[in-house]
$ cat coords_3.txt   # compact mmCIF, C-alpha atoms
# COMPACT_ATOMS: atom_id res chain seq x y z
CA MET A 21 79.26 134.79 94.12
CA LYS A 22 82.73 135.43 92.69
CA GLN A 23 82.31 139.15 93.31
CA PHE A 24 81.21 138.43 96.88
CA VAL A 25 84.28 136.26 97.51
CA ALA A 26 86.46 138.96 95.97
CA PHE A 27 85.01 141.54 98.37
CA ILE A 28 85.69 139.25 101.34
CA ARG A 29 89.28 138.73 100.17
CA LYS A 30 89.70 142.49 99.84
CA GLU A 31 88.48 143.02 103.40
CA PHE A 32 90.88 140.38 104.70
CA TYR A 33 93.79 142.08 102.91
CA HIS A 34 92.69 145.43 104.33
CA ILE A 35 92.72 144.06 107.90
CA LEU A 36 95.88 141.98 107.61
CA ARG A 37 98.01 144.80 106.23
CA ASP A 38 97.25 146.99 109.25
CA LYS A 39 99.66 145.67 111.90
CA ARG A 40 98.18 147.76 114.69
CA THR A 41 94.70 146.42 114.01
CA MET A 42 95.99 142.86 113.92
CA LEU A 43 97.82 143.44 117.21
CA ILE A 44 94.56 144.57 118.79
CA LEU A 45 92.46 141.80 117.29
CA LEU A 46 94.79 138.90 118.05
CA GLY A 47 97.01 140.21 120.84
CA MET A 48 94.34 141.75 123.07
CA PRO A 49 92.57 138.44 123.86
CA VAL A 50 95.85 136.82 124.94
CA VAL A 51 96.82 139.78 127.14
CA GLN A 52 93.38 140.08 128.73
CA ILE A 53 92.94 136.39 129.49
CA ILE A 54 96.40 136.21 131.11
CA LEU A 55 95.89 139.50 132.94
CA PHE A 56 92.51 138.53 134.36
CA GLY A 57 93.65 134.98 135.03
CA PHE A 58 96.85 135.75 136.93
CA ALA A 59 97.22 139.41 137.84
CA ILE A 60 93.63 140.18 138.85
CA SER A 61 92.55 137.85 141.62
CA THR A 62 89.80 137.83 144.24
CA GLU A 63 91.59 135.19 146.27
CA VAL A 64 92.67 136.16 149.78
CA LYS A 65 96.40 135.75 150.32
CA ASN A 66 99.09 137.31 152.51
CA VAL A 67 96.64 139.17 154.76
CA ARG A 68 98.66 141.31 157.17
CA THR A 69 97.45 140.20 160.57
CA ALA A 70 98.06 141.50 164.10
CA ILE A 71 97.67 139.53 167.33
CA LEU A 72 96.34 141.38 170.37
CA SER A 73 96.97 139.45 173.58
CA PRO A 74 97.89 140.99 176.94
CA SER A 75 99.74 137.85 178.03
CA TYR A 76 100.61 136.01 174.81
CA ASP A 77 100.90 132.72 176.70
CA ILE A 78 101.34 129.21 175.30
CA ALA A 79 97.66 128.80 174.34
CA VAL A 80 97.70 132.04 172.32
CA GLN A 81 100.99 131.16 170.67
CA GLN A 82 99.67 127.78 169.54
CA VAL A 83 96.60 129.25 167.85
CA ALA A 84 98.62 132.15 166.36
CA GLU A 85 101.18 129.74 164.92
CA ARG A 86 98.45 127.73 163.24
CA LEU A 87 97.06 130.93 161.72
CA GLY A 88 100.47 132.17 160.57
CA ALA A 89 101.34 128.82 159.01
CA ASN A 90 98.44 129.23 156.61
CA GLU A 91 99.21 130.78 153.21
CA TYR A 92 96.37 133.29 153.57
CA PHE A 93 97.71 135.17 156.60
CA GLN A 94 100.95 136.75 157.74
CA ILE A 95 101.42 137.59 161.42
CA THR A 96 103.12 140.97 161.17
CA GLU A 97 102.43 142.53 164.58
CA ILE A 98 102.08 141.39 168.20
CA VAL A 99 100.47 144.13 170.28
CA ARG A 100 99.56 144.32 173.95
CA SER A 101 96.82 146.95 174.08
CA PRO A 102 93.83 148.14 172.03
CA GLU A 103 95.51 151.52 171.56
CA GLU A 104 98.48 149.93 169.82
CA LEU A 105 96.12 147.96 167.64
CA GLN A 106 94.22 151.10 166.66
CA ASP A 107 97.48 152.82 165.71
CA GLU A 108 98.47 149.90 163.46
CA PHE A 109 95.14 150.11 161.63
CA ARG A 110 95.48 153.87 161.18
CA LYS A 111 99.01 153.53 159.81
CA GLY A 112 97.77 150.95 157.29
CA ASN A 113 100.19 148.32 158.56
CA ILE A 114 97.58 145.59 159.07
CA ASP A 115 94.40 144.34 157.40
CA LEU A 116 93.07 142.09 160.15
CA ALA A 117 93.44 141.67 163.91
CA ILE A 118 92.87 138.66 166.14
CA VAL A 119 92.00 139.71 169.70
CA PHE A 120 92.49 137.11 172.42
CA PRO A 121 90.85 137.53 175.84
CA THR A 122 92.97 138.13 178.92
CA GLN A 123 92.52 134.63 180.33
CA TYR A 124 92.32 132.74 177.04
CA THR A 125 92.77 128.95 177.12
CA ASN A 126 92.22 126.31 174.45
CA TYR A 127 90.00 124.34 176.76
CA SER A 128 87.63 127.10 177.80
CA TYR A 129 84.17 127.58 176.35
CA LYS A 130 83.09 130.68 178.22
CA GLU A 131 81.51 133.23 175.91
CA GLU A 132 83.51 136.10 177.41
CA GLU A 133 86.73 134.26 176.51
CA ALA A 134 85.94 133.92 172.81
CA ILE A 135 88.38 135.17 170.19
CA GLN A 136 87.42 138.41 168.45
CA ILE A 137 88.19 139.19 164.80
CA ILE A 138 88.57 142.83 163.73
CA ALA A 139 88.88 143.64 160.01
CA ASP A 140 89.50 146.79 158.01
CA ALA A 141 86.10 147.23 156.33
CA SER A 142 87.03 150.11 154.04
CA GLU A 143 86.61 147.41 151.37
CA PRO A 144 83.52 145.57 152.68
CA ASN A 145 83.57 142.51 150.45
CA LEU A 146 87.27 141.93 151.03
CA ALA A 147 86.88 142.40 154.77
CA LEU A 148 84.06 139.86 154.90
CA THR A 149 86.10 137.33 152.93
CA ARG A 150 89.13 137.78 155.16
CA SER A 151 87.03 137.44 158.30
CA ASN A 152 85.39 134.25 157.07
CA TYR A 153 88.77 132.76 156.20
CA ALA A 154 90.16 133.66 159.62
CA GLN A 155 87.08 132.35 161.42
CA ASN A 156 87.30 128.97 159.71
CA ILE A 157 91.03 128.62 160.32
CA LEU A 158 90.75 129.61 163.99
CA ALA A 159 87.90 127.16 164.53
CA GLN A 160 89.94 124.36 163.00
CA ALA A 161 93.03 125.33 165.00
CA GLU A 162 91.12 125.35 168.30
CA SER A 163 89.50 122.03 167.50
CA GLU A 164 92.84 120.39 166.71
CA LEU A 165 94.55 121.79 169.81
CA LYS A 166 91.74 120.68 172.11
CA GLY A 167 92.03 117.12 170.87
CA THR A 168 90.17 114.64 173.07
CA ALA A 169 90.43 116.71 176.24
CA ALA A 170 87.18 118.46 175.48
CA GLN A 171 84.40 118.47 172.99
CA PRO A 172 85.71 120.03 169.77
CA ALA A 173 84.15 123.14 168.34
CA VAL A 174 81.45 122.65 165.76
CA ILE A 175 82.90 123.20 162.29
CA PRO A 176 80.48 123.11 159.36
CA ASN A 177 81.17 120.56 156.66
CA LEU A 178 81.79 122.95 153.77
CA LYS A 179 81.63 121.64 150.21
CA LEU A 180 82.35 123.94 147.25
CA LEU A 181 80.78 122.87 143.98
CA TYR A 182 82.30 123.50 140.54
CA ASN A 183 85.27 125.50 141.87
CA PRO A 184 86.63 123.78 144.99
CA GLN A 185 90.02 125.53 144.68
CA MET A 186 88.28 128.95 144.69
CA LYS A 187 90.26 130.09 141.63
CA SER A 188 89.44 133.56 140.32
CA ALA A 189 90.02 132.39 136.74
CA TYR A 190 86.80 130.38 136.93
CA ASN A 191 84.94 133.65 137.37
CA PHE A 192 86.87 135.88 134.98
CA VAL A 193 87.25 133.60 131.95
CA PRO A 194 83.54 133.68 130.95
CA GLY A 195 83.47 137.45 131.42
CA VAL A 196 86.61 137.99 129.34
CA MET A 197 85.16 135.82 126.58
CA GLY A 198 82.04 137.97 126.45
CA LEU A 199 83.99 141.24 126.57
CA ILE A 200 86.48 140.30 123.85
CA LEU A 201 83.91 138.90 121.45
CA MET A 202 81.69 141.94 121.98
CA ILE A 203 84.52 144.40 121.30
CA ILE A 204 85.87 142.62 118.22
CA CYS A 205 82.54 141.80 116.63
CA ALA A 206 80.46 144.87 117.42
CA MET A 207 82.93 147.72 117.86
CA MET A 208 85.37 146.81 115.09
CA THR A 209 82.57 145.98 112.64
CA SER A 210 80.75 149.27 113.25
CA ILE A 211 83.96 151.27 112.84
CA ALA A 212 84.93 149.45 109.63
CA ILE A 213 81.61 150.22 107.95
CA VAL A 214 81.39 153.79 109.23
CA ARG A 215 84.92 154.43 107.97
CA GLU A 216 83.74 153.67 104.43
CA LYS A 217 80.85 156.09 104.87
CA GLU A 218 83.07 158.80 106.30
CA THR A 219 85.71 158.59 103.56
CA GLY A 220 83.08 158.49 100.82
CA THR A 221 84.00 155.05 99.44
CA MET A 222 80.71 153.45 100.49
CA GLU A 223 78.98 155.00 97.46
CA ILE A 224 81.50 153.29 95.18
CA LEU A 225 80.90 149.95 96.85
CA LEU A 226 77.13 150.24 96.69
CA VAL A 227 77.10 150.95 92.93
CA SER A 228 79.26 147.88 92.25
CA PRO A 229 77.72 144.77 90.63
CA VAL A 230 77.41 143.17 94.07
CA ARG A 231 74.12 143.68 95.90
CA PRO A 232 74.39 146.13 98.84
CA ILE A 233 73.55 143.46 101.41
CA PHE A 234 76.52 141.38 100.22
CA VAL A 235 78.76 144.43 100.48
CA ILE A 236 77.85 144.72 104.14
CA LEU A 237 78.23 140.97 104.71
CA SER A 238 81.67 141.02 103.11
CA LYS A 239 82.78 143.40 105.85
CA VAL A 240 81.26 141.21 108.54
CA VAL A 241 82.75 137.85 107.49
CA PRO A 242 86.41 138.71 108.32
CA TYR A 243 85.49 139.70 111.86
CA LEU A 244 83.44 136.54 112.20
CA VAL A 245 86.50 134.47 111.27
CA LEU A 246 88.78 136.46 113.59
CA SER A 247 86.28 136.05 116.43
CA LEU A 248 86.30 132.28 115.96
CA VAL A 249 90.11 132.32 116.05
CA ASN A 250 90.04 134.36 119.27
CA LEU A 251 87.45 132.01 120.76
CA ALA A 252 89.73 129.04 120.10
CA THR A 253 92.70 130.95 121.56
CA ILE A 254 90.80 131.85 124.74
CA LEU A 255 89.58 128.28 125.26
CA LEU A 256 93.09 126.86 124.77
CA LEU A 257 94.67 129.38 127.15
CA SER A 258 91.92 128.79 129.69
CA ARG A 259 92.33 125.04 129.60
CA PHE A 260 96.10 124.63 129.40
CA VAL A 261 97.42 127.81 131.05
CA LEU A 262 94.77 128.72 133.63
CA ASP A 263 93.59 125.13 134.25
CA VAL A 264 89.94 126.04 133.76
CA PRO A 265 88.17 122.90 132.53
CA VAL A 266 85.37 122.65 129.99
CA SER A 267 83.03 120.58 132.15
CA GLY A 268 80.07 120.62 129.77
CA SER A 269 79.52 120.01 126.09
CA ILE A 270 82.17 121.62 123.90
CA ILE A 271 79.69 121.52 121.01
CA GLY A 272 77.14 123.39 123.09
CA LEU A 273 79.75 125.93 124.15
CA LEU A 274 80.77 126.54 120.54
CA PHE A 275 77.11 126.85 119.51
CA VAL A 276 76.25 129.53 122.09
CA SER A 277 79.53 131.31 121.33
CA LEU A 278 78.70 131.41 117.62
CA LEU A 279 75.23 132.70 118.49
CA PHE A 280 76.71 135.46 120.64
CA ILE A 281 79.17 136.37 117.88
CA LEU A 282 76.26 136.76 115.45
CA VAL A 283 74.39 138.90 117.98
CA SER A 284 77.46 141.12 118.41
CA LEU A 285 77.93 141.44 114.65
CA ALA A 286 74.27 142.41 114.26
CA LEU A 287 74.71 145.00 117.01
CA GLY A 288 77.76 146.36 115.19
CA LEU A 289 75.70 146.67 111.99
CA LEU A 290 73.02 148.50 113.93
CA ILE A 291 75.56 150.99 115.29
CA SER A 292 77.02 151.48 111.80
CA CYS A 293 73.56 152.31 110.46
CA MET A 294 73.02 154.93 113.15
CA ALA A 295 76.46 156.58 113.23
CA GLN A 296 77.87 158.76 110.46
CA THR A 297 81.44 159.19 111.73
CA GLN A 298 84.02 156.95 113.37
CA ALA A 299 84.08 159.18 116.45
CA ALA A 300 80.33 158.77 116.86
CA ALA A 301 80.64 155.01 116.36
CA LEU A 302 83.37 154.80 119.02
CA LEU A 303 81.32 156.87 121.45
CA VAL A 304 78.20 154.76 120.95
CA SER A 305 80.23 151.57 121.20
CA ALA A 306 81.85 152.67 124.45
CA MET A 307 78.59 153.81 126.01
CA VAL A 308 76.44 150.93 124.76
CA LEU A 309 78.93 148.06 124.61
CA MET A 310 82.08 148.33 126.74
CA ILE A 311 80.92 150.07 129.91
CA PRO A 312 77.63 148.14 130.31
CA THR A 313 79.39 144.87 129.47
CA ILE A 314 81.98 145.43 132.18
CA LEU A 315 79.64 146.79 134.86
CA LEU A 316 76.23 145.21 134.24
CA SER A 317 76.90 141.81 132.68
CA GLY A 318 77.94 140.01 135.86
CA MET A 319 81.54 139.89 134.68
CA ILE A 320 82.83 141.55 137.86
CA PHE A 321 79.83 142.46 140.01
CA ASN A 322 77.06 140.12 141.11
CA ILE A 323 73.82 141.08 139.33
CA GLU A 324 71.61 139.93 142.23
CA SER A 325 73.34 142.46 144.49
CA MET A 326 72.59 145.41 142.18
CA PRO A 327 69.65 147.81 142.63
CA GLY A 328 66.45 146.77 140.90
CA ILE A 329 66.72 149.29 138.07
CA LEU A 330 70.23 148.11 137.20
CA GLN A 331 69.09 144.50 137.23
CA VAL A 332 66.44 145.42 134.68
CA LEU A 333 69.01 147.24 132.53
CA SER A 334 71.32 144.22 132.67
CA ASP A 335 68.62 142.14 130.98
CA PHE A 336 69.22 144.17 127.80
CA ILE A 337 72.97 143.46 127.77
CA PRO A 338 73.69 140.51 125.41
CA ALA A 339 76.94 139.71 127.22
CA ARG A 340 75.00 139.13 130.46
CA TRP A 341 73.22 136.11 128.96
CA TYR A 342 76.32 134.81 127.18
CA ILE A 343 78.46 134.97 130.33
CA ASP A 344 75.72 133.14 132.20
CA LEU A 345 75.66 130.49 129.47
CA VAL A 346 79.43 130.03 129.50
CA ARG A 347 79.50 129.66 133.28
CA LYS A 348 76.76 127.05 133.21
CA ILE A 349 78.15 125.03 130.29
CA MET A 350 81.89 125.48 130.78
CA ILE A 351 82.23 125.68 134.57
CA GLU A 352 79.16 123.86 135.93
CA GLY A 353 78.79 121.33 133.12
CA VAL A 354 75.05 121.96 132.75
CA PRO A 355 73.40 120.13 129.79
CA MET A 356 72.01 122.25 126.96
CA ARG A 357 68.42 121.38 127.83
CA TYR A 358 68.73 123.51 130.99
CA VAL A 359 69.98 126.67 129.25
CA TRP A 360 67.33 127.15 126.56
CA ASN A 361 66.00 130.24 128.34
CA GLU A 362 69.28 132.15 127.95
CA THR A 363 69.80 130.76 124.44
CA GLY A 364 66.29 131.85 123.42
CA ILE A 365 66.94 135.39 124.69
CA LEU A 366 70.09 135.64 122.54
CA LEU A 367 68.17 134.34 119.52
CA LEU A 368 65.47 136.96 120.10
CA MET A 369 68.11 139.69 120.35
CA LEU A 370 69.67 138.49 117.09
CA VAL A 371 66.33 138.72 115.28
CA ILE A 372 65.61 142.18 116.71
CA PHE A 373 69.04 143.63 115.88
CA VAL A 374 69.03 142.23 112.34
CA SER A 375 65.47 143.45 111.70
CA ILE A 376 66.23 146.98 112.90
CA SER A 377 69.51 147.09 110.96
CA LEU A 378 67.83 146.04 107.72
CA ARG A 379 65.11 148.61 108.27
CA LEU A 380 67.60 151.41 108.83
CA PHE A 381 69.94 150.36 106.05
CA LYS A 382 69.41 152.37 102.88
CA ASN A 383 70.49 151.21 99.48
CA ARG A 384 70.91 154.77 98.36
CA LEU A 385 72.91 157.29 100.32
CA ASN A 386 71.54 160.77 100.65
$ encode --input "coords_3.txt" --output "C-alpha cells"
Amino acid sequence: MKQFVAFIRKEFYHILRDKRTMLILLGMPVVQIILFGFAISTEVKNVRTAILSPSYDIAVQQVAERLGANEYFQITEIVRSPEELQDEFRKGNIDLAIVFPTQYTNYSYKEEEAIQIIADASEPNLALTRSNYAQNILAQAESELKGTAAQPAVIPNLKLLYNPQMKSAYNFVPGVMGLILMIICAMMTSIAIVREKETGTMEILLVSPVRPIFVILSKVVPYLVLSLVNLATILLLSRFVLDVPVSGSIIGLLFVSLLFILVSLALGLLISCMAQTQAAALLVSAMVLMIPTILLSGMIFNIESMPGILQVLSDFIPARWYIDLVRKIMIEGVPMRYVWNETGILLLMLVIFVSISLRLFKNRLN
C-alpha cells in the first residue's frame, strides 16, 4: 500500500509541476461555464424589426410602440411598400417585419385585416422563435389596446415549468458538465498512460514491486480528484454566478456525477490500451469523445429531432445519459427513483468498459 500511495504522490507531482496542464485542467472549466453561460445564448433579444404600413396611423403606432418597448425587439425601419421591405431584408438590415393591412384598426376582427409577420428564415429555429415572440407580444398589445370596447383576442395561458425565465444557462450547464468531465477524465487519462508507453517508461513501472493494476490506478486517481474539484467548481459557478439552482437532491447529483467520472476514466483506460502513441490517443479521443459528445449528446441539439440512425448512435454516448440525468435532477428536481433507467445504463457502460480494458491490458509488453 505504501508503494501505491507513493505512485499516486508521484503522479500528482508530475501533473502539478506542469503549469500548462494545470491551466487546462482547472482553468478550462471556469472559462467554458462562463462562456456558455453568458456569451452563448439562445435567448431572443434586440431583434431588428421593420414596420410595413402604408398609412402608419394612430392604431399602427400604438401597436408598434408596444412592440418596440419590449426588450426583445428594436424598431429600426418604417417602410411604406413591400419593395422597400424586400430591399431591407436583402441588405441584412432587419431580421423580422410586421406588416399591417391598409385599413388596420385595433377594433377590427376581419381576417383580411390581420397583422402579418415575416421573418428571415435562413436560420429556421431562430426565425421560429422570433416569430413566436412577436406573435405573443402583438396579441397582448392588441388585447390591451382594445380594452372593454370589444372582445379581447384569445391569448393562451402559457406556463413554463422548471425554467420560467427561459435562461440559456439552464440548458448549457448540464452539457458543459458532461463535456468537461469527459475531456478531463477520458482524454487526459488516456494520454497520460500512452505517454508512458511511448517514452518507454511503462516497462520500468510494470517491473516495480507494485502490481501492474495498481500502477494503472495510480495514474487514474489524480484525474479522479481533479474531476471532483472541477465538479465542485462548476456547481458553485452555476449556482452563484449563473443563478442555476440545484432543484433536486445534491447527494443524488454527486452520485451520478461520480458514476459518470468512473465511466469516463474507464473509457480513458480503454483508449490507452488500444493506442500506442499520444497522437493516436488524441485522434481517438477527438473522434470518439469530443465530437460525439458535442453533437450527439443533446448538449446543443435536441436528440428527438435527429434522424433515426443518429438517435441510435447517441445511445452509445455516455455523456448523453449523464446530461439527461443532470437536467432531471438539477433543473427539474426529479427524485432518484425516477432516473434509475439512465443510472443503470451508465452502470452497464462502466462494467463493459472496465471488462474490455482488463481484457486488453497486458502485464507484459511485447
$ closest_atom_pairs --input "coords_3.txt" --of "range 186-244 of chain A" --to "range 351-363 of chain A" --cutoff "9 Å" --atoms "all atoms listed in the file" --output "tab-separated table"
residue	atom	partner	partner_atom	distance
A:Tyr190	CA	A:Ile351	CA	7.0
A:Asn191	CA	A:Ile351	CA	8.9
A:Pro194	CA	A:Ile351	CA	8.9
$ write_last_selection --input "coords_3.txt" --atoms "C-alpha atoms" --output "JSON list (two decimals), in the frame of the given file"
[["chain", "number", "residue", "atom", "x", "y", "z"],
["A", 190, "TYR", "CA", 86.80, 130.38, 136.93],
["A", 191, "ASN", "CA", 84.94, 133.65, 137.37],
["A", 194, "PRO", "CA", 83.54, 133.68, 130.95]]
$ closest_residue --input "coords_3.txt" --among "A:Ala159, A:Ile236, A:Ile54, A:Ala306" --to "Leu87 in chain A" --atoms "all atoms listed in the file"
A:Ala159
$ atom_distance --input "coords_3.txt" --atom1 "CA of Leu278 in chain A" --atom2 "CA of Leu309 in chain A"
18.1 Å
$ closest_residue --input "coords_3.txt" --among "A:Val241, A:Val249, A:Ile53, A:Val196" --to "Val346 in chain A" --atoms "only C-alpha atoms"
A:Val196
$ closest_residue --input "coords_3.txt" --among "A:Leu345, A:Val67, A:Ile118, A:Tyr182" --to "Ala147 in chain A" --atoms "all atoms listed in the file"
A:Val67
$ closest_residue --input "coords_3.txt" --among "A:Phe373, A:Met294, A:Leu36, A:Leu199" --to "Thr313 in chain A" --atoms "only C-alpha atoms"
A:Leu199
$ closest_residue --input "coords_3.txt" --among "A:Ser101, A:Leu43, A:Asp140, A:Tyr243" --to "Ile28 in chain A" --atoms "all atoms listed in the file"
A:Tyr243
$ closest_residue --input "coords_3.txt" --among "A:Ala161, A:Ile138, A:Leu244, A:Leu45" --to "Ala79 in chain A" --atoms "all atoms listed in the file"
A:Ala161
$ residues_around --input "coords_3.txt" --residues "Val64 in chain A" --least-positions-apart "6" --cutoff "10 Å" --atoms "all atoms listed in the file" --output "CSV table (one decimal) with C-alpha atoms, in the frame of the given file"
chain,number,residue,atom,x,y,z
A,91,GLU,CA,99.2,130.8,153.2
A,92,TYR,CA,96.4,133.3,153.6
A,93,PHE,CA,97.7,135.2,156.6
A,146,LEU,CA,87.3,141.9,151.0
A,147,ALA,CA,86.9,142.4,154.8
A,149,THR,CA,86.1,137.3,152.9
A,150,ARG,CA,89.1,137.8,155.2
A,153,TYR,CA,88.8,132.8,156.2
A,186,MET,CA,88.3,129.0,144.7
$ atom_distance --input "coords_3.txt" --atom1 "CA of Leu251 in chain A" --atom2 "CA of Ala26 in chain A"
25.8 Å
$ residues_around --input "coords_3.txt" --residues "Lys30 in chain A" --least-positions-apart "5" --cutoff "12 Å" --atoms "only C-alpha atoms" --output "JSON, numbers by chain"
{"A": [23, 24, 25, 35, 36, 37, 225, 235, 238, 239, 241, 242]}
$ residues_around --input "coords_3.txt" --residues "Val374 in chain A" --least-positions-apart "6" --cutoff "10 Å" --atoms "all atoms listed in the file" --output "ChimeraX atom specification"
/A:282-283,285-287,289-290,380
$ residues_near_point --input "coords_3.txt" --point "(77.1, 126.4, 125.7)" --cutoff "8 Å" --atoms "only C-alpha atoms" --output "list in words"
Gly268, Ser269, Ile270, Ile271, Gly272, Leu273, Leu274, Phe275, Val276, Ser277, Leu345, Val346, Lys348, Ile349, Met350, Met356 and Val359 of chain A
$ atom_distance --input "coords_3.txt" --atom1 "CA of Ala70 in chain A" --atom2 "CA of Ala117 in chain A"
4.6 Å
$ residues_around --input "coords_3.txt" --residues "Met310 in chain A" --least-positions-apart "5" --cutoff "12 Å" --atoms "only C-alpha atoms" --output "MDAnalysis selection string"
chainID A and resid 195:196 198:204 206:207 284 302:305 315:317 319 337:339
$ build_atoms --input "coords_3.txt" --residues "range 211-238 of chain A" --atoms "N, CA and C atoms" --output "PDB file, in the frame of the given file"
ATOM      1  N   ILE A 211      82.961 150.295 113.267  1.00  0.00           N
ATOM      2  CA  ILE A 211      83.960 151.270 112.840  1.00  0.00           C
ATOM      3  C   ILE A 211      84.360 151.033 111.383  1.00  0.00           C
ATOM      4  N   ALA A 212      84.511 149.761 110.994  1.00  0.00           N
ATOM      5  CA  ALA A 212      84.930 149.450 109.630  1.00  0.00           C
ATOM      6  C   ALA A 212      83.918 149.942 108.607  1.00  0.00           C
ATOM      7  N   ILE A 213      82.634 149.791 108.902  1.00  0.00           N
ATOM      8  CA  ILE A 213      81.610 150.220 107.950  1.00  0.00           C
ATOM      9  C   ILE A 213      81.466 151.736 107.952  1.00  0.00           C
ATOM     10  N   VAL A 214      81.517 152.339 109.149  1.00  0.00           N
ATOM     11  CA  VAL A 214      81.390 153.790 109.230  1.00  0.00           C
ATOM     12  C   VAL A 214      82.577 154.474 108.558  1.00  0.00           C
ATOM     13  N   ARG A 215      83.746 153.844 108.614  1.00  0.00           N
ATOM     14  CA  ARG A 215      84.920 154.430 107.970  1.00  0.00           C
ATOM     15  C   ARG A 215      84.705 154.571 106.466  1.00  0.00           C
ATOM     16  N   GLU A 216      84.055 153.592 105.865  1.00  0.00           N
ATOM     17  CA  GLU A 216      83.740 153.670 104.430  1.00  0.00           C
ATOM     18  C   GLU A 216      82.778 154.816 104.154  1.00  0.00           C
ATOM     19  N   LYS A 217      81.812 155.001 105.044  1.00  0.00           N
ATOM     20  CA  LYS A 217      80.850 156.090 104.870  1.00  0.00           C
ATOM     21  C   LYS A 217      81.524 157.447 105.042  1.00  0.00           C
ATOM     22  N   GLU A 218      82.429 157.521 106.004  1.00  0.00           N
ATOM     23  CA  GLU A 218      83.070 158.800 106.300  1.00  0.00           C
ATOM     24  C   GLU A 218      84.042 159.212 105.207  1.00  0.00           C
ATOM     25  N   THR A 219      84.740 158.270 104.616  1.00  0.00           N
ATOM     26  CA  THR A 219      85.710 158.590 103.560  1.00  0.00           C
ATOM     27  C   THR A 219      85.059 158.706 102.185  1.00  0.00           C
ATOM     28  N   GLY A 220      83.786 158.354 102.094  1.00  0.00           N
ATOM     29  CA  GLY A 220      83.080 158.490 100.820  1.00  0.00           C
ATOM     30  C   GLY A 220      83.221 157.318  99.884  1.00  0.00           C
ATOM     31  N   THR A 221      83.827 156.225 100.320  1.00  0.00           N
ATOM     32  CA  THR A 221      84.000 155.050  99.440  1.00  0.00           C
ATOM     33  C   THR A 221      82.800 154.108  99.482  1.00  0.00           C
ATOM     34  N   MET A 222      81.871 154.324 100.424  1.00  0.00           N
ATOM     35  CA  MET A 222      80.710 153.450 100.490  1.00  0.00           C
ATOM     36  C   MET A 222      79.844 153.588  99.246  1.00  0.00           C
ATOM     37  N   GLU A 223      79.777 154.813  98.684  1.00  0.00           N
ATOM     38  CA  GLU A 223      78.980 155.000  97.460  1.00  0.00           C
ATOM     39  C   GLU A 223      79.530 154.158  96.322  1.00  0.00           C
ATOM     40  N   ILE A 224      80.881 154.088  96.237  1.00  0.00           N
ATOM     41  CA  ILE A 224      81.500 153.290  95.180  1.00  0.00           C
ATOM     42  C   ILE A 224      81.175 151.815  95.362  1.00  0.00           C
ATOM     43  N   LEU A 225      81.195 151.361  96.594  1.00  0.00           N
ATOM     44  CA  LEU A 225      80.900 149.950  96.850  1.00  0.00           C
ATOM     45  C   LEU A 225      79.449 149.617  96.545  1.00  0.00           C
ATOM     46  N   LEU A 226      78.545 150.531  96.869  1.00  0.00           N
ATOM     47  CA  LEU A 226      77.130 150.240  96.690  1.00  0.00           C
ATOM     48  C   LEU A 226      76.702 150.257  95.221  1.00  0.00           C
ATOM     49  N   VAL A 227      77.448 150.940  94.362  1.00  0.00           N
ATOM     50  CA  VAL A 227      77.100 150.950  92.930  1.00  0.00           C
ATOM     51  C   VAL A 227      77.837 149.854  92.175  1.00  0.00           C
ATOM     52  N   SER A 228      78.572 149.008  92.890  1.00  0.00           N
ATOM     53  CA  SER A 228      79.260 147.880  92.250  1.00  0.00           C
ATOM     54  C   SER A 228      78.245 146.808  91.870  1.00  0.00           C
ATOM     55  N   PRO A 229      78.658 145.828  91.044  1.00  0.00           N
ATOM     56  CA  PRO A 229      77.720 144.770  90.630  1.00  0.00           C
ATOM     57  C   PRO A 229      77.190 143.919  91.777  1.00  0.00           C
ATOM     58  N   VAL A 230      77.845 143.973  92.929  1.00  0.00           N
ATOM     59  CA  VAL A 230      77.410 143.170  94.070  1.00  0.00           C
ATOM     60  C   VAL A 230      76.254 143.880  94.775  1.00  0.00           C
ATOM     61  N   ARG A 231      75.260 143.104  95.194  1.00  0.00           N
ATOM     62  CA  ARG A 231      74.120 143.680  95.900  1.00  0.00           C
ATOM     63  C   ARG A 231      74.587 144.309  97.212  1.00  0.00           C
ATOM     64  N   PRO A 232      73.948 145.415  97.631  1.00  0.00           N
ATOM     65  CA  PRO A 232      74.390 146.130  98.840  1.00  0.00           C
ATOM     66  C   PRO A 232      74.462 145.248 100.084  1.00  0.00           C
ATOM     67  N   ILE A 233      73.534 144.312 100.218  1.00  0.00           N
ATOM     68  CA  ILE A 233      73.550 143.460 101.410  1.00  0.00           C
ATOM     69  C   ILE A 233      74.807 142.603 101.444  1.00  0.00           C
ATOM     70  N   PHE A 234      75.302 142.181 100.270  1.00  0.00           N
ATOM     71  CA  PHE A 234      76.520 141.380 100.220  1.00  0.00           C
ATOM     72  C   PHE A 234      77.756 142.246 100.481  1.00  0.00           C
ATOM     73  N   VAL A 235      77.667 143.520 100.149  1.00  0.00           N
ATOM     74  CA  VAL A 235      78.760 144.430 100.480  1.00  0.00           C
ATOM     75  C   VAL A 235      78.927 144.524 101.991  1.00  0.00           C
ATOM     76  N   ILE A 236      77.806 144.646 102.691  1.00  0.00           N
ATOM     77  CA  ILE A 236      77.850 144.720 104.140  1.00  0.00           C
ATOM     78  C   ILE A 236      78.340 143.389 104.731  1.00  0.00           C
ATOM     79  N   LEU A 237      77.832 142.281 104.208  1.00  0.00           N
ATOM     80  CA  LEU A 237      78.230 140.970 104.710  1.00  0.00           C
ATOM     81  C   LEU A 237      79.715 140.706 104.486  1.00  0.00           C
ATOM     82  N   SER A 238      80.248 141.226 103.382  1.00  0.00           N
ATOM     83  CA  SER A 238      81.670 141.020 103.110  1.00  0.00           C
ATOM     84  C   SER A 238      82.546 141.698 104.157  1.00  0.00           C
TER      85      SER A 238
END
